[in-house]
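Report on the structure given below.
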Amino acid sequence: MEPSFFQDMGVYLEAIESQMRDSMPSSAVPLAPYYGMIRYHLGWVDQDFAPSTSSAGKRLRPLLCLLACEACSGDWRQALPAAAAIEFIHNFSLIHDDIEDNSPVRRHRPTVWSLWGQAQAINVGDGLFAISRLALQRLRDQVYDAGKVVEAFKIVDETCLLLTEGQHLDLFFEERDSVSVEMYMEMIGRKTAALMGCATRLGALIGTDDQALVERYSRFGYQLGILFQIVDDILGIWGAGDVTGKGIGEDIASKKKSLPVVYALERSQELRELYRKKRLTTRQQRQALKLMEEVKSRDYAQEKASEQLRAALDTLDGAQIDNEAQRSLRDIARFLLERHS
């Protein structure tokens, strides 16, 4: 069950969903399957392209964008095009990520590539990227400062490049025997934290002319992204598959270099030897889990996540702002540490 504050965010979430649907191009009959696949990934239809109420995700990143805008005394409705663009970017990256990680399940449903093949999924991901750019164009109808609109496009483009850099490092690390915690943090700074930092940066940019405040909210979003990924790493190993929507043991089976694994690899020769094998059997996966528990890698990761929460809240406090949107941002930060999916 989602925490009560997510239920209280209904007006924002409904506006985000409406903006996203309005930004989706209309499709002629020959292209109906193409846009059907896009809508399937977004949670709007099922695999037969019939309307669906399946999980579409929490829409966390666009929500952060709107709340950052409002916290800075801006009109959050003006930030809706940026919020929609961010969510489309996030979803394009997920489709490509599923292909690259060979993941068959996303949000408790088959992934796009597992249903329609890798070629179609790549095309769908590329389409979502293009749609994100078109969605961001709508910012010109909401923000009359042309300089801010140009800056928004620059921020988004730089972020997309960082996303691909982070994904490259993530894939590259799977082939390496040795990956340090520092290298891992650099990777997730690009792969995950950059987009959350982009979300809060864009919201603040639209909400205020105070550049120092924009930088502060950008940093807050980045710190939330680090926190989010570390918790995601913990859930990828110890979370319940029926809750996370991923296959049980998927991250261990794929030998993913997540933070608990990286930390344990630095401390266990036996685990390093195990991870040199081309594939891990079910028994070897259980052995890997035992070795990680012996060096307390889960405790280490949880403490690192707690450190990020404290840093993020300190950054937010430094803005010296007290309003409902600011309090909601604090609530979301705490939720990200405690979430189970």
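Letters for chains follow the order of the structure tokens (A, B, ...), residue numbers begin at 1 for each chain, and ligand numbers begin at 1 in the order shown.
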Please give the complete set of residues from segment 82-224 of chain A that DSSP, run on the backbone, assigns to helix (DSSP H, G or I), formatted as number ranges by chain. A: 82-101, 112-116, 118-141, 146-174, 181-207, 211-224
Skip segment 154-164 of chain A itself and residues of its chain fewer than 5 positions away, then list as a ChimeraX atom specification all residues within 7 Å of it, counting only C-alpha atoms. /A:190-191,194-195,198
All heavy atoms of the current selection, written as a PDB file, in the first residue's frame:
```pdb
ATOM      1  N   ARG A 190      25.308   9.053 -12.380  1.00  0.00           N
ATOM      2  CA  ARG A 190      24.850   9.297 -13.740  1.00  0.00           C
ATOM      3  C   ARG A 190      23.565   8.543 -14.051  1.00  0.00           C
ATOM      4  O   ARG A 190      22.597   9.113 -14.552  1.00  0.00           O
ATOM      5  CB  ARG A 190      25.938   8.877 -14.737  1.00  0.00           C
ATOM      6  CG  ARG A 190      27.135   9.794 -14.770  1.00  0.00           C
ATOM      7  CD  ARG A 190      28.277   9.181 -15.574  1.00  0.00           C
ATOM      8  NE  ARG A 190      29.285  10.163 -15.920  1.00  0.00           N
ATOM      9  CZ  ARG A 190      30.231  10.592 -15.119  1.00  0.00           C
ATOM     10  NH1 ARG A 190      30.303  10.106 -13.873  1.00  0.00           N
ATOM     11  NH2 ARG A 190      31.117  11.493 -15.515  1.00  0.00           N
ATOM     12  N   LYS A 191      23.548   7.259 -13.762  1.00  0.00           N
ATOM     13  CA  LYS A 191      22.455   6.410 -14.203  1.00  0.00           C
ATOM     14  C   LYS A 191      21.126   6.737 -13.526  1.00  0.00           C
ATOM     15  O   LYS A 191      20.065   6.666 -14.158  1.00  0.00           O
ATOM     16  CB  LYS A 191      22.809   4.943 -13.948  1.00  0.00           C
ATOM     17  CG  LYS A 191      21.714   3.976 -14.385  1.00  0.00           C
ATOM     18  CD  LYS A 191      22.085   2.543 -14.112  1.00  0.00           C
ATOM     19  CE  LYS A 191      20.930   1.619 -14.482  1.00  0.00           C
ATOM     20  NZ  LYS A 191      21.238   0.204 -14.220  1.00  0.00           N
ATOM     21  N   ALA A 194      21.169  11.538 -11.708  1.00  0.00           N
ATOM     22  CA  ALA A 194      21.132  12.677 -12.641  1.00  0.00           C
ATOM     23  C   ALA A 194      19.708  13.058 -13.014  1.00  0.00           C
ATOM     24  O   ALA A 194      19.370  14.247 -13.086  1.00  0.00           O
ATOM     25  CB  ALA A 194      21.924  12.338 -13.901  1.00  0.00           C
ATOM     26  N   LEU A 195      18.832  12.075 -13.239  1.00  0.00           N
ATOM     27  CA  LEU A 195      17.468  12.391 -13.668  1.00  0.00           C
ATOM     28  C   LEU A 195      16.649  12.977 -12.527  1.00  0.00           C
ATOM     29  O   LEU A 195      15.830  13.873 -12.748  1.00  0.00           O
ATOM     30  CB  LEU A 195      16.786  11.144 -14.238  1.00  0.00           C
ATOM     31  CG  LEU A 195      15.423  11.398 -14.895  1.00  0.00           C
ATOM     32  CD1 LEU A 195      15.537  12.437 -16.006  1.00  0.00           C
ATOM     33  CD2 LEU A 195      14.840  10.108 -15.454  1.00  0.00           C
ATOM     34  N   CYS A 198      17.758  16.420 -12.243  1.00  0.00           N
ATOM     35  CA  CYS A 198      17.160  17.166 -13.360  1.00  0.00           C
ATOM     36  C   CYS A 198      15.721  17.560 -13.023  1.00  0.00           C
ATOM     37  O   CYS A 198      15.295  18.687 -13.285  1.00  0.00           O
ATOM     38  CB  CYS A 198      17.207  16.313 -14.620  1.00  0.00           C
ATOM     39  SG  CYS A 198      16.335  16.995 -16.050  1.00  0.00           S
TER      40      CYS A 198
END
```
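Between Asp126 of chain A and the residues A:Ser341, A:Gln167, A:Ser93, A:Ser73, the shortest atom-to-atom distance, using only C-alpha atoms, involves A:Ser93.
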Check which residues of segment 54-161 of chain A sit at most 10 Å from segment 327-330 of chain A using only C-alpha atoms, and return one row each with the closest pair of atoms and their distance in Å to one decimal, ordered by chain and rising number, as CSV.
```
residue,atom,partner,partner_atom,distance
A:Leu63,CA,A:Leu329,CA,9.4
A:Leu64,CA,A:Leu329,CA,7.2
A:Leu67,CA,A:Leu329,CA,6.9
A:Ala68,CA,A:Leu329,CA,7.7
A:Ala71,CA,A:Leu329,CA,8.6
```
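Counting from atom CA of Ile95 of chain A, the distance to atom CA of Ala264 of chain A is 29.3 Å.
For the choices A:Arg216, A:Arg61, A:Lys148, A:Lys257, the atom-to-atom distance to Ile16 of chain A is smallest for A:Arg61 when using only C-alpha atoms.
Of note, atom CA of Gln120 of chain A and atom CA of Ser18 of chain A are spaced 26.0 Å apart.
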I'd like the neighbourhood of segment 127-138 of chain A as an mmCIF file with N, CA and C atoms, in the first residue's frame, where a residue qualifies if any of its atoms comes within 10 Å (using only C-alpha atoms), though same-chain residues fewer than 3 positions away should be ignored.
```cif
data_model
loop_
_atom_site.group_PDB
_atom_site.id
_atom_site.type_symbol
_atom_site.label_atom_id
_atom_site.label_comp_id
_atom_site.auth_asym_id
_atom_site.auth_seq_id
_atom_site.Cartn_x
_atom_site.Cartn_y
_atom_site.Cartn_z
ATOM 1 N N GLN A 19 -1.304 15.505 -18.610
ATOM 2 C CA GLN A 19 -0.297 16.149 -19.461
ATOM 3 C C GLN A 19 0.400 15.119 -20.338
ATOM 4 N N MET A 20 0.716 13.967 -19.779
ATOM 5 C CA MET A 20 1.380 12.921 -20.546
ATOM 6 C C MET A 20 0.486 12.412 -21.673
ATOM 7 N N ASP A 22 -1.981 14.010 -23.095
ATOM 8 C CA ASP A 22 -2.140 15.080 -24.087
ATOM 9 C C ASP A 22 -0.896 15.218 -24.964
ATOM 10 N N SER A 23 0.251 14.828 -24.431
ATOM 11 C CA SER A 23 1.507 14.947 -25.181
ATOM 12 C C SER A 23 1.743 13.770 -26.127
ATOM 13 N N MET A 24 0.932 12.725 -25.999
ATOM 14 C CA MET A 24 1.102 11.541 -26.837
ATOM 15 C C MET A 24 0.533 11.804 -28.235
ATOM 16 N N PRO A 25 1.321 11.609 -29.290
ATOM 17 C CA PRO A 25 0.813 11.825 -30.648
ATOM 18 C C PRO A 25 -0.356 10.894 -30.954
ATOM 19 N N TYR A 34 2.240 0.228 -32.712
ATOM 20 C CA TYR A 34 3.429 0.934 -32.231
ATOM 21 C C TYR A 34 3.093 1.761 -30.991
ATOM 22 N N TYR A 35 2.074 2.604 -31.106
ATOM 23 C CA TYR A 35 1.686 3.413 -29.959
ATOM 24 C C TYR A 35 1.043 2.562 -28.870
ATOM 25 N N ILE A 38 3.878 1.528 -26.690
ATOM 26 C CA ILE A 38 4.273 2.645 -25.831
ATOM 27 C C ILE A 38 3.300 2.784 -24.670
ATOM 28 N N LEU A 42 3.704 2.331 -20.471
ATOM 29 C CA LEU A 42 3.307 3.398 -19.556
ATOM 30 C C LEU A 42 2.198 2.968 -18.603
ATOM 31 N N GLN A 78 2.740 25.414 -14.317
ATOM 32 C CA GLN A 78 3.646 25.835 -15.381
ATOM 33 C C GLN A 78 4.739 24.802 -15.639
ATOM 34 N N ALA A 79 5.016 23.974 -14.651
ATOM 35 C CA ALA A 79 6.081 22.973 -14.778
ATOM 36 C C ALA A 79 5.587 21.647 -15.343
ATOM 37 N N LEU A 80 4.308 21.543 -15.651
ATOM 38 C CA LEU A 80 3.761 20.268 -16.128
ATOM 39 C C LEU A 80 4.440 19.747 -17.401
ATOM 40 N N PRO A 81 4.737 20.586 -18.400
ATOM 41 C CA PRO A 81 5.431 20.053 -19.581
ATOM 42 C C PRO A 81 6.794 19.449 -19.230
ATOM 43 N N ALA A 82 7.509 20.086 -18.325
ATOM 44 C CA ALA A 82 8.807 19.545 -17.902
ATOM 45 C C ALA A 82 8.616 18.240 -17.148
ATOM 46 N N ALA A 83 7.590 18.183 -16.305
ATOM 47 C CA ALA A 83 7.317 16.967 -15.536
ATOM 48 C C ALA A 83 6.996 15.798 -16.461
ATOM 49 N N ALA A 84 6.159 16.039 -17.467
ATOM 50 C CA ALA A 84 5.806 14.987 -18.421
ATOM 51 C C ALA A 84 7.039 14.528 -19.193
ATOM 52 N N ALA A 85 7.860 15.475 -19.624
ATOM 53 C CA ALA A 85 9.068 15.134 -20.368
ATOM 54 C C ALA A 85 9.991 14.248 -19.529
ATOM 55 N N ILE A 86 10.133 14.569 -18.259
ATOM 56 C CA ILE A 86 10.993 13.785 -17.368
ATOM 57 C C ILE A 86 10.484 12.356 -17.246
ATOM 58 N N GLU A 87 9.171 12.198 -17.117
ATOM 59 C CA GLU A 87 8.629 10.845 -16.977
ATOM 60 C C GLU A 87 8.789 10.046 -18.274
ATOM 61 N N PHE A 88 8.635 10.694 -19.410
ATOM 62 C CA PHE A 88 8.870 10.004 -20.681
ATOM 63 C C PHE A 88 10.340 9.589 -20.801
ATOM 64 N N ILE A 89 11.254 10.455 -20.397
ATOM 65 C CA ILE A 89 12.679 10.118 -20.435
ATOM 66 C C ILE A 89 12.963 8.923 -19.530
ATOM 67 N N HIS A 90 12.414 8.964 -18.336
ATOM 68 C CA HIS A 90 12.600 7.856 -17.406
ATOM 69 C C HIS A 90 12.139 6.545 -18.024
ATOM 70 N N ASN A 91 10.998 6.559 -18.683
ATOM 71 C CA ASN A 91 10.447 5.328 -19.248
ATOM 72 C C ASN A 91 11.203 4.867 -20.493
ATOM 73 N N PHE A 92 11.701 5.794 -21.283
ATOM 74 C CA PHE A 92 12.536 5.376 -22.423
ATOM 75 C C PHE A 92 13.782 4.671 -21.911
ATOM 76 N N SER A 93 14.351 5.187 -20.814
ATOM 77 C CA SER A 93 15.563 4.568 -20.273
ATOM 78 C C SER A 93 15.258 3.188 -19.684
ATOM 79 N N ILE A 95 12.970 1.029 -20.760
ATOM 80 C CA ILE A 95 12.802 0.065 -21.856
ATOM 81 C C ILE A 95 14.162 -0.410 -22.352
ATOM 82 N N ALA A 121 11.242 -3.151 -29.181
ATOM 83 C CA ALA A 121 11.421 -2.453 -27.904
ATOM 84 C C ALA A 121 12.403 -1.293 -28.039
ATOM 85 N N ILE A 122 13.481 -1.494 -28.799
ATOM 86 C CA ILE A 122 14.427 -0.399 -29.035
ATOM 87 C C ILE A 122 13.720 0.762 -29.723
ATOM 88 N N ASN A 123 12.892 0.434 -30.700
ATOM 89 C CA ASN A 123 12.155 1.467 -31.421
ATOM 90 C C ASN A 123 11.175 2.197 -30.504
ATOM 91 N N VAL A 124 10.511 1.447 -29.635
ATOM 92 C CA VAL A 124 9.571 2.048 -28.686
ATOM 93 C C VAL A 124 10.313 2.984 -27.727
ATOM 94 N N ASP A 141 4.576 27.452 -23.960
ATOM 95 C CA ASP A 141 3.240 27.998 -23.742
ATOM 96 C C ASP A 141 2.984 28.331 -22.276
ATOM 97 N N GLN A 142 3.884 27.886 -21.401
ATOM 98 C CA GLN A 142 3.691 28.086 -19.967
ATOM 99 C C GLN A 142 4.703 29.061 -19.359
ATOM 100 N N VAL A 143 5.924 29.041 -19.883
ATOM 101 C CA VAL A 143 6.997 29.876 -19.345
ATOM 102 C C VAL A 143 7.380 30.902 -20.404
ATOM 103 N N VAL A 149 13.409 28.534 -21.011
ATOM 104 C CA VAL A 149 13.038 27.406 -21.869
ATOM 105 C C VAL A 149 14.280 26.804 -22.518
ATOM 106 N N VAL A 150 15.159 27.661 -23.026
ATOM 107 C CA VAL A 150 16.407 27.182 -23.627
ATOM 108 C C VAL A 150 17.242 26.453 -22.584
ATOM 109 N N ALA A 152 16.166 24.912 -19.966
ATOM 110 C CA ALA A 152 15.515 23.629 -19.656
ATOM 111 C C ALA A 152 15.922 22.560 -20.660
ATOM 112 N N PHE A 153 15.949 22.903 -21.939
ATOM 113 C CA PHE A 153 16.364 21.931 -22.957
ATOM 114 C C PHE A 153 17.827 21.531 -22.762
ATOM 115 N N VAL A 156 18.010 19.070 -19.845
ATOM 116 C CA VAL A 156 17.486 17.754 -20.221
ATOM 117 C C VAL A 156 18.472 17.015 -21.119
ATOM 118 N N ASP A 157 19.049 17.708 -22.094
ATOM 119 C CA ASP A 157 19.987 17.047 -23.009
ATOM 120 C C ASP A 157 21.232 16.568 -22.267
ATOM 121 N N CYS A 160 20.275 13.449 -20.306
ATOM 122 C CA CYS A 160 20.145 12.237 -21.127
ATOM 123 C C CYS A 160 21.514 11.649 -21.463
#
```
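With atom CA of Gln47 of chain A on one side and atom CA of Ser114 of chain A on the other, the separation reads 11.2 Å.
Nearest to Arg310 of chain A of all the residues A:Ser55, A:Asp145, A:Asp322, A:Leu227 is A:Leu227, counting only C-alpha atoms.
Using only C-alpha atoms, the protein and nucleic acid residues lying no more than 12 Å from Gly57 of chain A, apart from those fewer than 6 places from it along its own chain, are Glu2, Phe6, Leu13, Glu17, His41, Leu42, Gly43, Trp44, Leu63, Glu87, His90, Asn91, Leu94, Arg106, Arg107, His108, Arg109, Thr244, Gly245 and Ser341 of chain A.
Across A:Ala56, A:Ala193, A:Cys69, A:Ala199, the tightest approach to Glu324 of chain A is made by A:Cys69 when counting only C-alpha atoms.
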